[in-house]
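**Student:** Structure in structure tokens, see below.
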Amino acid sequence: MKQRITVFVAGLLTGAALLGGGAAFAAGILAEHAPQTAYVDGAPVQLEAYNIGGYNYVKLRDIGQAVGFNVYWDGQSVQMDSDAPYTGTGPTQGTTTVGNIEVGGFQGTTLKVGGRTPLIISPNTPQDVITSSHPAILAVENVMGHWTVLAKSPGTAIITVTAPDGRTGSTTFTVVPADPASTVDLNANMEIRLEMVRLINEVRRANGVAELPVSDALMKAAQAFSAKRYINHNTKEECELVSYYGYSHGFNNNLAVLRGVATEDIARQTVTSWVDSPGHFQAMIDPACDCIGIGVTIVGGTVYCQMFAGDSNSHMPYGQQ
């Protein structure tokens, strides 16, 4: 009998979020964990879901597992095989079998310093033990129930998986240097940027939440992103820059573009515009945030402002590849 699923799905998290990324950044609002009960052929199935902007997002992988079709990331795009049972991995996804367990990385086995990739482990159990031969090069992390590796320094490291029954599998990862630092002046417009930090903390105090200390990594990332002169959010690139400059957690972000504003008015006018926008306001006063970085780039009378407010207890869905 054809299987059907009767849960309302407002959107699908794919790519890195296919594996359970716990944060969203549009309008600077982090996702909230909101499990959902779906019904497959009348039988209840519990699905992990995340509320983002009032909509519940369900992982496509979980739907495939519940309904019975395969979903996997091939390194470039999400693939769905409607006539294959769910495994979470593709037929030739670059995994390596050394022992009885296949081990690989969803973004391959070559990473840049600062990069992170979820692991492919097949078959797997919750009791598997995952180790790195060189943690200083490649560290093992468990992010929201998913095993991932974080590239920390150039070199090679072997990731080994050991199952409770003694079966093992391993593969070798190569870590290469990150891209050279850009030519952006990371200290540009520092007076305006620090004034924005002061004004944001003023808003936070007025709303009963703690002030945010400045994060050097987020200050650099925010300045580098503002220098790109975006007028809309670009979540993946924001995350990659934040990761590149050394911050590995989730974050809220606000963006503003001003024209015809006197230099001395940039900080106050930007923060005021964020206060007047509900989503941006919530991003500024989020009590979960614990550090901040601000970027300001001025080109031909147009001002590009960026705020990153870090949340060390949340997960970043993208990083350096």
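Each chain in the structure tokens gets a letter, A, B and so on, in the order shown; residues start at 1 in every chain, and ligands are counted from 1 in the order they appear.
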Please run DSSP on the backbone and report, as a VMD selection string, all residues within segment 74-244 of chain A that come out as strand (DSSP E).
**Tutor:** chain A and resid 78 to 81 96 to 97 102 to 105 110 to 112 116 to 122 129 to 132 138 to 143 146 to 151 155 to 162 168 to 176
**Student:** Would you tabulate, counting only C-alpha atoms, all residues of segment 260-317 of chain A that have an atom at most 9 Å from an atom of segment 220-238 of chain A, showing the closest pair of atoms and their distance in Å to one decimal, sorted by chain then ascending number, as a tab-separated table?
**Tutor:**
```
residue	atom	partner	partner_atom	distance
A:Gly293	CA	A:Ala222	CA	6.0
A:Ile294	CA	A:Ala222	CA	5.3
A:Gly295	CA	A:Gln223	CA	3.7
A:Val296	CA	A:Ser226	CA	5.9
A:Thr297	CA	A:Ala227	CA	5.5
A:Ile298	CA	A:Ala227	CA	8.4
A:Val299	CA	A:Arg229	CA	8.8
A:Val303	CA	A:Arg229	CA	8.6
A:Tyr304	CA	A:Ser226	CA	5.6
A:Cys305	CA	A:Ser226	CA	5.9
A:Gln306	CA	A:Ala222	CA	5.6
A:Met307	CA	A:Ala222	CA	6.3
A:Phe308	CA	A:Ala222	CA	6.3
A:Pro317	CA	A:Lys236	CA	8.2
```
**Student:** Which is closest to Ala217 of chain A among A:Ala163, A:Cys289, A:Ala309, A:Leu199, if we use only C-alpha atoms?
**Tutor:** A:Ala309
**Student:** To one decimal in Å, tell me the separation between atom CA of Glu211 of chain A and atom CA of Gln282 of chain A.
**Tutor:**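 Taking atom CA of Glu211 of chain A and atom CA of Gln282 of chain A, their separation equals 14.3 Å.
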**Student:** Counting only C-alpha atoms, which residues of segment 165-268 of chain A fall within 12 Å of segment 141-145 of chain A, and what is the closest atom pair for each with its distance in Å at one decimal, ordered by chain and rising number, as CSV?
**Tutor:**
```
residue,atom,partner,partner_atom,distance
A:Ser248,CA,A:Val143,CA,11.6
A:His249,CA,A:Val143,CA,10.6
A:Gly250,CA,A:Val143,CA,11.7
```
**Student:** So that I have them on file, write out the residues from the current selection with N, CA and C atoms, as a PDB file, in the first residue's frame.
**Tutor:**
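That gives us out.pdb:
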```
ATOM      1  N   SER A 248      32.607  29.207  16.451  1.00  0.00           N
ATOM      2  CA  SER A 248      32.067  27.940  15.955  1.00  0.00           C
ATOM      3  C   SER A 248      30.636  27.661  16.399  1.00  0.00           C
ATOM      4  N   HIS A 249      29.949  28.658  16.969  1.00  0.00           N
ATOM      5  CA  HIS A 249      28.592  28.430  17.465  1.00  0.00           C
ATOM      6  C   HIS A 249      27.569  29.188  16.624  1.00  0.00           C
ATOM      7  N   GLY A 250      26.314  29.009  16.969  1.00  0.00           N
ATOM      8  CA  GLY A 250      25.252  29.739  16.288  1.00  0.00           C
ATOM      9  C   GLY A 250      25.217  31.203  16.709  1.00  0.00           C
TER      10      GLY A 250
END
```
**Student:** Calculated over only C-alpha atoms, which of the candidates A:Asp185, A:Gly300, A:Met284, A:Arg167 has the smallest distance to Ala210 of chain A?
**Tutor:**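 Residue with the minimum atom-to-atom distance to Ala210 of chain A: A:Met284.
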**Student:** Measure the distance from atom CA of Val214 of chain A to atom CA of Gly310 of chain A in Å and round it to one decimal.
**Tutor:** 9.9 Å
